[in-house]
Every structure is written in C-alpha cells, then in structure tokens.
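Just below is one structure, and these are the notes that go with it.
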Amino acid sequence: MHILIANLGSTSFKYRLYQMDGSNGVVIATGGFERVTNHEEVINQALADLIDQGNLNSINDIDAVGFKTVLGKDLSGCVDADDTVIAALEGFREVAPAHNPPYAEGIRQFRQILPDARLVALFETAFYQWVPQAAARYAVPKEWHDVGIRRYGFHGASHKFVAERSAELMGRNDVAESVRGLYVNGPQEVSGEPLRVISFHLGGSSSVTGIRNGIAIGTSMGFSPQSGLPQNNRVGDLDSGALPYATKALGITMEEAERQLTKESGLQGVSGVSNDLRDICEAAGGGNKDAQLALDMLIDSARHWASSFLFELGGLDTIVFTAGIGENNPWLRKAICAGLENFGVIIDEEKNAACMASEAFISSDDSKVKIAVIPANEELVLAREVYRKIN
Ligand code: ADP
C-alpha cells in the first residue's frame with residue numbers, strides 16, 4: 001500500500017511517499033517545491049516525478065493521501081478529507097492563517113487530481129478530544145464558547161506517538177494497543193495501575209501534555225498555537241488584558257500588535273538574538289543576560305505546565321522529551337528535571353549527555369519515574385494513522 005503525505009504551506013509543497021507494510025512505513029521517495037504560486041501545477045509535477053523515477057507505475061498506485069491539518073471549526077479527529085473538512089478549515093482560517101488556507105486548497109486539488117485515492121486529514125487537535133471540559137473550557141461567556149473559543153491543544157500527532165511509544169517502552173502493551181486504535185475505536189478501558197506520562201514536545205514550537213493511560217488530560221496550548229510555552233518567535237501565554245492596553249500604550253493597531261506577538265516575541269523577542277535555541281544557548285554561554293533569561297523562561301514555563309499535570313495525574317511514571325530541542329539538548333532536559341529527587345525524578349547525567357536524537361531512557365536506575373527521549377517523526381505518525389483509518 002502506498003500512502004502519500006502532503007505537507008502544504010502557503011508557498012510550499014513537500015511530500016513523502018510511504019510504502020506501508022502493516023502499520024510500519026518505509027519512505028520510498030521525498031520531494032518538495034518552494035516559492036509555489038500554483039499548487040495544482042506542483043502536485044501534478046510531483047506525481048509525474050514519482051512515476052519518472054520509478055517509484056510509481058501510475059498515479060493510481062497511490063492508495064491514500066494524508067494531510068496533517070492543524071485546526072478545524074467544530075471538527076477534529078482523523079477523518080476523511082471531504083467537504084466537511086474543507087468547511088472546518090475555512091471556518092478557522094484567521095486562527096491558523098499560515099496553515100488552514102493552503103490545506104483547504106490542497107485537499108480540493110488532490111480530490112480532482114486523484115479522484116480514486118482515499119484522502120485523510122489528521123487534525124493536530126485530535127489527541128485532545130477527550131480532555132475533560134474543566135480543562136478545555138475558558139471561563140468566557142457562553143456565546144464565546146459557542147463560536148469555538150476554547151482550549152484545543154496542538155502537536156497532537158507528536159504527543160499521541162509519545163503516548164503509544166512510551167507505553168511500549170514501559171511494557172504496557174495494553175495501553176499501547178488502546179492508543180494505536182484511539183482514533184478508530186475511541187478510548188478503551190485498560191485495567192491495572194494507571195500509566196501516567198508527561199510529554200515535553202520542545203522544538204520550534206513547544207507544548208507539554210499530561211497523559212493518563214494513553215489519553216491526554218490537558219495540554220499547555222489553548223485556542224491557538226500562539227499559547228502555552230514561549231515559542232521560537234511567538235509569545236506563548238499572555239494575559240488577555242495586555243493586548244488592548246498595549247495597542248493604546250504603544251500607539252499601534254490590533255493587527256500590528258498581533259504581528260509583533262506572532263513574529264517578534266517568544267525566545268526571539270526576549271533574547272534579541274535568534275529564534276533558534278542553539279544560538280541562544282551560545283549567546284547565554286558568552287554572558288548575554290537576555291539570552292539567559294529566554295532560556296530560564298522556557299525552563300520555567302515547561303516546569304510550570306508539567307507540575308499542573310502532576311497534580312491532575314496524581315503521580316507520575318514517565319517523562320518524555322521529544323522534537324528538536326527535547327531530542328538534542330541534554331542541558332535543557334537536565335534543567336527541567338532539576339531538584340525533583342523527592343518526587344522520584346532523577347536524571348542520569350551520563351545517559352542524558354550521550355542521548356542525541358535517539359531513543360533511550362536517561363533516568364538513573366534508582367529513579368522511580370522513568371525519563372525517556374523519543375524522537376518525533378510526524379510524517380510517519382501521520383502515515384500510520386492514515387493506514388489505521390483506512391484498514
Ligand atoms: P519545528 O518545530 O520547526 O519542527 P524542530 O522540532 O526541528 O522544529 O526544533 C527546532 C529547535 O530545535 C531549534 O530551536 C533548534 O535549536 C533545536 N535543535 C535542532 N537540532 C538541534 C541540535 N542538533 N542540537 C541542539 N538543538 C537543536
């Protein structure tokens with residue numbers, strides 16, 4: 001079975017073609033186009049390239065196309081990418097302006113170009129469908145809630161993969177099996193002790209999720225990916241009172257304020273150095289105090305969210321780090337886990353330092369809570385979810 005994963009940006013199109021052997025996927029081709037002005041043209045070009053290179057005999061060899069859609073109005077899950085999905089993406093186009101319009105358009109194009117392939121959308125919000133109301137609702141008037149202003153959560157593909165893989169690593173195949181089928185069967189009862197996980201997805205954008213028996217109980221991102229931890233150049237959490245005050249105090253329009261909060265804030269805004277954590281670490285090492293503050297804020301915010309889930313979970317079995325920073329920055333992992341020996345969290349300095357972009361436990365043998373690094377592979381996660389959906 002061939003599954004094509006389509007990554008659509010407003011001026012880009014990237015793809016990976018997977019050959020699936022059960023839910024294991026092997027990438028057989030990748031490609032992409034930048035500075036795209038006509039998506040239809042480059043999709044046709046990509047398909048022609050796949051045939052020319054011998055990866056496909058004809059376009060009919062593509063069984064399914066997967067789209068990692070971000071946020072839909074009144075819709076989530078892993079679903080057939082039909083008119084309902086397009087309407088849901090259009091309904092929230094201003095909340096995810098960089099993502100929703102190109103995905104809505106891309107799904108339309110693929111429908112015409114590959115009428116016989118199954119098109120599947122996996123929303124980044126899908127993993128949070130079962131978060132209790134008390135954690136998902138904002139204390140806004142009912143009318144606000146009714147137009148969709150609530151906590152959605154993002155990075156769902158990554159955190160769900162962490163839920164599945166960490167359960168396997170912890171020897172909890174019952175939980176892993178339940179997570180595998182989550183979008184097809186919904187949550188399943190599992191017996192025995194609960195498996196309680198805190199997942200740190202730390203990358204260009206970051207979020208922390210609490211997971212019980214494979215189901216998310218809450219996450220740091222809310223209505224938009226503009227919330228939670230300080231992001232590379234986006235603000236993260238901000239008091240709603242600050243925005244109207246800032247427009248007056250700074251004499252700027254709401255649009256300009258939004259631009260600054262989404263483009264010039266976060267780690268970039270605080271450090272004044274870069275939106276890449278490697279540059280910020282280097283500057284902090286050289287004595288730059290603003291860079292050090294940006295690092296301290298990221299650590300503080302990650303710990304703040306994790307501790308809220310610790311209370312909610314009533315204990316903890318596993319901590320997982322994933323994504324660019326989580327996989328590659330031992331120093332930050334150590335700082336996040338520092339001083340938690342009384343809670344049974346003890347990192348092994350050697351294992352931690354040795355673990356770069358590979359899967360490993362990095363806790364000491366006497367740590368009650370296991371600490372793991374699990375590399376993210378969001379395209380593969382998507383290919384697997386598409387496979388599970390259509391089989
Ligand atoms: P995105 O969210 O855009 O997919 P990533 O998950 O790749 O981004 O994360 C990007 C972040 O990961 C950057 O801040 C970068 O500094 C950090 N990062 C990536 N690779 C490394 C590395 N080898 N060592 C340290 N940090 C890294």
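Residue numbers start at 1 in each chain; chains themselves are named A, B, ... in the order of the structure tokens; ligands are numbered from 1 in the order shown.
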Could the residues that lie within 6 Å of ligand 1, counting only C-alpha atoms and all ligand atoms, be listed as an NGL selection string? :A and (203-205 or 276-278 or 323-325 or 328-329)
Could you save the residues just selected, with C-alpha atoms, as a JSON list (two decimals), in the first residue's frame?
[["chain", "number", "residue", "atom", "x", "y", "z"],
["A", 203, "GLY", "CA", 11.01, 22.43, 19.26],
["A", 204, "GLY", "CA", 10.44, 25.48, 17.08],
["A", 205, "SER", "CA", 7.11, 25.50, 18.86],
["A", 276, "ASP", "CA", 16.97, 29.10, 17.31],
["A", 277, "LEU", "CA", 17.80, 27.69, 20.72],
["A", 278, "ARG", "CA", 21.35, 26.77, 19.64],
["A", 323, "ALA", "CA", 11.22, 17.27, 18.99],
["A", 324, "GLY", "CA", 14.29, 19.34, 18.01],
["A", 325, "ILE", "CA", 15.15, 20.73, 21.44],
["A", 328, "ASN", "CA", 19.09, 17.29, 21.14],
["A", 329, "ASN", "CA", 19.57, 19.44, 24.20]]
Taking the chain letters and numbering used in this document, name the residues of region 224-375 of chain A that DSSP puts in alpha helix (DSSP H), as a PyMOL selection string. chain A and resi 242-250+254-263+266-271+277-285+289-313+323-328+330-337+349-354
Each region 132-225 of chain A residue no farther than 9 Å from region 86-103 of chain A, nearest pair in Å, only C-alpha atoms, as a tab-separated table:
residue	atom	partner	partner_atom	distance
A:Phe223	CA	A:Val95	CA	8.4
A:Ser224	CA	A:Val95	CA	6.5
A:Pro225	CA	A:Ala96	CA	8.1
Length of the CA of Met1 (chain A) to CA of Thr125 (chain A) vector [Å]: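 For CA of Met1 (chain A) relative to CA of Thr125 (chain A), the distance reads 26.7 Å.
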For Lys263 (chain A), please output as JSON, numbers by chain all residues within 7 Å (counting only C-alpha atoms; exclusion window: fewer than 4 positions along the same chain). {"A": [233, 234, 259]}
Hey, what's within 9 Å of Leu238 (chain A) if we count only C-alpha atoms and toss same-chain stuff fewer than 3 positions away? As a list in words, please?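 Listing them by chain and then by number gives Ser227, Gly228, Val235, Gly241, Ala242 and Leu243 of chain A.
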I want to know what sits within 9 Å of Ile319 (chain A), based on only C-alpha atoms, with residues of the same chain fewer than 4 positions away left out; could you give that as a ChimeraX atom specification? /A:166,196-200,345,369-373
Can I get the selected residues back with all heavy atoms, as a PDB file, in the first residue's frame?
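Just written: out_8.pdb:
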ATOM      1  N   SER A 166       5.835   5.378  24.487  1.00  0.00           N
ATOM      2  CA  SER A 166       6.260   5.296  25.894  1.00  0.00           C
ATOM      3  C   SER A 166       5.573   4.112  26.580  1.00  0.00           C
ATOM      4  O   SER A 166       6.176   3.430  27.403  1.00  0.00           O
ATOM      5  CB  SER A 166       5.989   6.606  26.641  1.00  0.00           C
ATOM      6  OG  SER A 166       4.613   6.880  26.685  1.00  0.00           O
ATOM      7  N   ARG A 196       0.966   7.028  33.885  1.00  0.00           N
ATOM      8  CA  ARG A 196       0.889   8.495  33.902  1.00  0.00           C
ATOM      9  C   ARG A 196       2.158   9.085  33.288  1.00  0.00           C
ATOM     10  O   ARG A 196       3.267   8.828  33.757  1.00  0.00           O
ATOM     11  CB  ARG A 196       0.701   8.976  35.339  1.00  0.00           C
ATOM     12  CG  ARG A 196      -0.577   8.426  35.967  1.00  0.00           C
ATOM     13  CD  ARG A 196      -0.509   8.359  37.452  1.00  0.00           C
ATOM     14  NE  ARG A 196       0.610   7.570  37.956  1.00  0.00           N
ATOM     15  CZ  ARG A 196       0.845   7.304  39.230  1.00  0.00           C
ATOM     16  NH1 ARG A 196       0.026   7.761  40.140  1.00  0.00           N
ATOM     17  NH2 ARG A 196       1.893   6.592  39.603  1.00  0.00           N
ATOM     18  N   VAL A 197       1.958   9.859  32.219  1.00  0.00           N
ATOM     19  CA  VAL A 197       3.081  10.348  31.418  1.00  0.00           C
ATOM     20  C   VAL A 197       2.982  11.872  31.269  1.00  0.00           C
ATOM     21  O   VAL A 197       1.889  12.411  31.086  1.00  0.00           O
ATOM     22  CB  VAL A 197       3.043   9.706  30.002  1.00  0.00           C
ATOM     23  CG1 VAL A 197       4.180  10.226  29.124  1.00  0.00           C
ATOM     24  CG2 VAL A 197       3.091   8.178  30.095  1.00  0.00           C
ATOM     25  N   ILE A 198       4.126  12.537  31.356  1.00  0.00           N
ATOM     26  CA  ILE A 198       4.184  13.944  30.953  1.00  0.00           C
ATOM     27  C   ILE A 198       5.104  14.021  29.746  1.00  0.00           C
ATOM     28  O   ILE A 198       6.247  13.546  29.780  1.00  0.00           O
ATOM     29  CB  ILE A 198       4.656  14.857  32.098  1.00  0.00           C
ATOM     30  CG1 ILE A 198       3.568  14.899  33.190  1.00  0.00           C
ATOM     31  CG2 ILE A 198       4.924  16.286  31.569  1.00  0.00           C
ATOM     32  CD1 ILE A 198       3.918  15.737  34.403  1.00  0.00           C
ATOM     33  N   SER A 199       4.567  14.573  28.652  1.00  0.00           N
ATOM     34  CA  SER A 199       5.284  14.605  27.379  1.00  0.00           C
ATOM     35  C   SER A 199       5.697  16.040  27.060  1.00  0.00           C
ATOM     36  O   SER A 199       4.849  16.933  26.997  1.00  0.00           O
ATOM     37  CB  SER A 199       4.335  14.050  26.298  1.00  0.00           C
ATOM     38  OG  SER A 199       4.874  14.230  25.015  1.00  0.00           O
ATOM     39  N   PHE A 200       7.003  16.238  26.897  1.00  0.00           N
ATOM     40  CA  PHE A 200       7.529  17.559  26.533  1.00  0.00           C
ATOM     41  C   PHE A 200       7.871  17.551  25.042  1.00  0.00           C
ATOM     42  O   PHE A 200       8.852  16.902  24.639  1.00  0.00           O
ATOM     43  CB  PHE A 200       8.825  17.866  27.302  1.00  0.00           C
ATOM     44  CG  PHE A 200       8.645  18.104  28.773  1.00  0.00           C
ATOM     45  CD1 PHE A 200       8.732  17.053  29.680  1.00  0.00           C
ATOM     46  CD2 PHE A 200       8.419  19.388  29.262  1.00  0.00           C
ATOM     47  CE1 PHE A 200       8.582  17.273  31.049  1.00  0.00           C
ATOM     48  CE2 PHE A 200       8.271  19.612  30.632  1.00  0.00           C
ATOM     49  CZ  PHE A 200       8.348  18.556  31.523  1.00  0.00           C
ATOM     50  N   VAL A 345      12.221  11.767  40.621  1.00  0.00           N
ATOM     51  CA  VAL A 345      12.717  12.068  39.266  1.00  0.00           C
ATOM     52  C   VAL A 345      14.220  12.317  39.346  1.00  0.00           C
ATOM     53  O   VAL A 345      14.657  13.338  39.878  1.00  0.00           O
ATOM     54  CB  VAL A 345      12.014  13.328  38.698  1.00  0.00           C
ATOM     55  CG1 VAL A 345      12.579  13.695  37.323  1.00  0.00           C
ATOM     56  CG2 VAL A 345      10.503  13.120  38.629  1.00  0.00           C
ATOM     57  N   VAL A 369      10.559   7.546  38.665  1.00  0.00           N
ATOM     58  CA  VAL A 369       9.960   7.989  37.397  1.00  0.00           C
ATOM     59  C   VAL A 369      10.981   7.742  36.283  1.00  0.00           C
ATOM     60  O   VAL A 369      12.140   8.136  36.410  1.00  0.00           O
ATOM     61  CB  VAL A 369       9.612   9.493  37.466  1.00  0.00           C
ATOM     62  CG1 VAL A 369       9.088   9.991  36.131  1.00  0.00           C
ATOM     63  CG2 VAL A 369       8.609   9.753  38.589  1.00  0.00           C
ATOM     64  N   LYS A 370      10.558   7.073  35.234  1.00  0.00           N
ATOM     65  CA  LYS A 370      11.466   6.844  34.089  1.00  0.00           C
ATOM     66  C   LYS A 370      11.461   8.084  33.200  1.00  0.00           C
ATOM     67  O   LYS A 370      10.397   8.657  32.940  1.00  0.00           O
ATOM     68  CB  LYS A 370      11.002   5.641  33.261  1.00  0.00           C
ATOM     69  CG  LYS A 370      10.964   4.351  34.044  1.00  0.00           C
ATOM     70  CD  LYS A 370      12.374   3.834  34.312  1.00  0.00           C
ATOM     71  CE  LYS A 370      12.394   2.669  35.264  1.00  0.00           C
ATOM     72  NZ  LYS A 370      13.176   2.895  36.487  1.00  0.00           N
ATOM     73  N   ILE A 371      12.640   8.468  32.765  1.00  0.00           N
ATOM     74  CA  ILE A 371      12.745   9.620  31.866  1.00  0.00           C
ATOM     75  C   ILE A 371      13.251   9.101  30.518  1.00  0.00           C
ATOM     76  O   ILE A 371      14.266   8.382  30.481  1.00  0.00           O
ATOM     77  CB  ILE A 371      13.724  10.678  32.418  1.00  0.00           C
ATOM     78  CG1 ILE A 371      13.395  10.995  33.891  1.00  0.00           C
ATOM     79  CG2 ILE A 371      13.683  11.949  31.563  1.00  0.00           C
ATOM     80  CD1 ILE A 371      14.456  11.845  34.591  1.00  0.00           C
ATOM     81  N   ALA A 372      12.554   9.434  29.443  1.00  0.00           N
ATOM     82  CA  ALA A 372      12.922   8.890  28.129  1.00  0.00           C
ATOM     83  C   ALA A 372      13.017  10.000  27.083  1.00  0.00           C
ATOM     84  O   ALA A 372      12.373  11.037  27.202  1.00  0.00           O
ATOM     85  CB  ALA A 372      11.876   7.867  27.674  1.00  0.00           C
ATOM     86  N   VAL A 373      13.831   9.739  26.074  1.00  0.00           N
ATOM     87  CA  VAL A 373      13.840  10.571  24.871  1.00  0.00           C
ATOM     88  C   VAL A 373      13.247   9.716  23.754  1.00  0.00           C
ATOM     89  O   VAL A 373      13.669   8.571  23.566  1.00  0.00           O
ATOM     90  CB  VAL A 373      15.271  11.017  24.498  1.00  0.00           C
ATOM     91  CG1 VAL A 373      15.277  11.776  23.168  1.00  0.00           C
ATOM     92  CG2 VAL A 373      15.864  11.881  25.609  1.00  0.00           C
TER      93      VAL A 373
END
For the atom pair CA of Leu195 (chain A) and CA of Arg150 (chain A), what is the interatomic distance in Å to one decimal place?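 Calculated distance between CA of Leu195 (chain A) and CA of Arg150 (chain A) is 27.0 Å.
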Which polymer residues have any atom within 10 Å of an atom of Ala121 (chain A), counting only C-alpha atoms, with same-chain residues fewer than 6 positions away left out, as an NGL selection string? :A and (65-70 or 76-82 or 85-86 or 103 or 107 or 382 or 385-386)
Spatial neighbours of Ala291 (chain A), max dist 12 Å, only C-alpha atoms, sep filter under 3 positions, as a list in words: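 Within the cut-off, the hits are Gly266, Leu267, Gln268, Gly269, Val270, Ser271, Gly272, Val273, Ser274, Asn275, Asp276, Leu277, Arg278, Asp279, Ile280, Cys281, Glu282, Ala283, Ala284, Gly285, Gly286, Gly287, Asn288, Ala294, Leu295, Asp296, Met297 and Leu298 of chain A.
Using only C-alpha atoms, the smallest distance between any of A:Lys160, A:Lys368, A:Arg118, A:Arg151 and Ala216 (chain A) comes from A:Lys160.
Considering only C-alpha atoms, the residue among A:Gln226, A:Gln19, A:Gln45, A:Ser363 positioned nearest to Ile347 (chain A) is A:Ser363.
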Measuring between only C-alpha atoms, which one of A:Pro132, A:Gly106, A:Gly31, A:Gly186 shows the shortest distance to Thr11 (chain A)?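 Of A:Pro132, A:Gly106, A:Gly31, A:Gly186, the one nearest Thr11 (chain A) is A:Gly106, counting only C-alpha atoms.
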If you run DSSP over the backbone, which residues in region 110-184 of chain A end up strand (DSSP E or B)? Put them as a VMD selection string. chain A and resid 118 to 122
Given only C-alpha atoms as the counted atoms, nearest of A:Glu189, A:Glu264, A:Asp300, A:Glu40 to Glu105 (chain A):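 The answer is A:Glu40, which sits nearest to Glu105 (chain A).
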Between A:Ser220, A:Ile51, A:Ala338, A:Leu4, which is the closest to Met20 (chain A) once you count only C-alpha atoms?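 The closest residue to Met20 (chain A) is A:Leu4.
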Nearest residue to Phe361 (chain A) from the set A:Ser206, A:Ser301, A:Ser178, A:Leu169 (distances using only C-alpha atoms):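 Closest residue, counting only C-alpha atoms: A:Leu169.
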Please, what distance in Å, to one decimal, runs between CA of Lys14 (chain A) and CA of Leu47 (chain A)? 11.9 Å
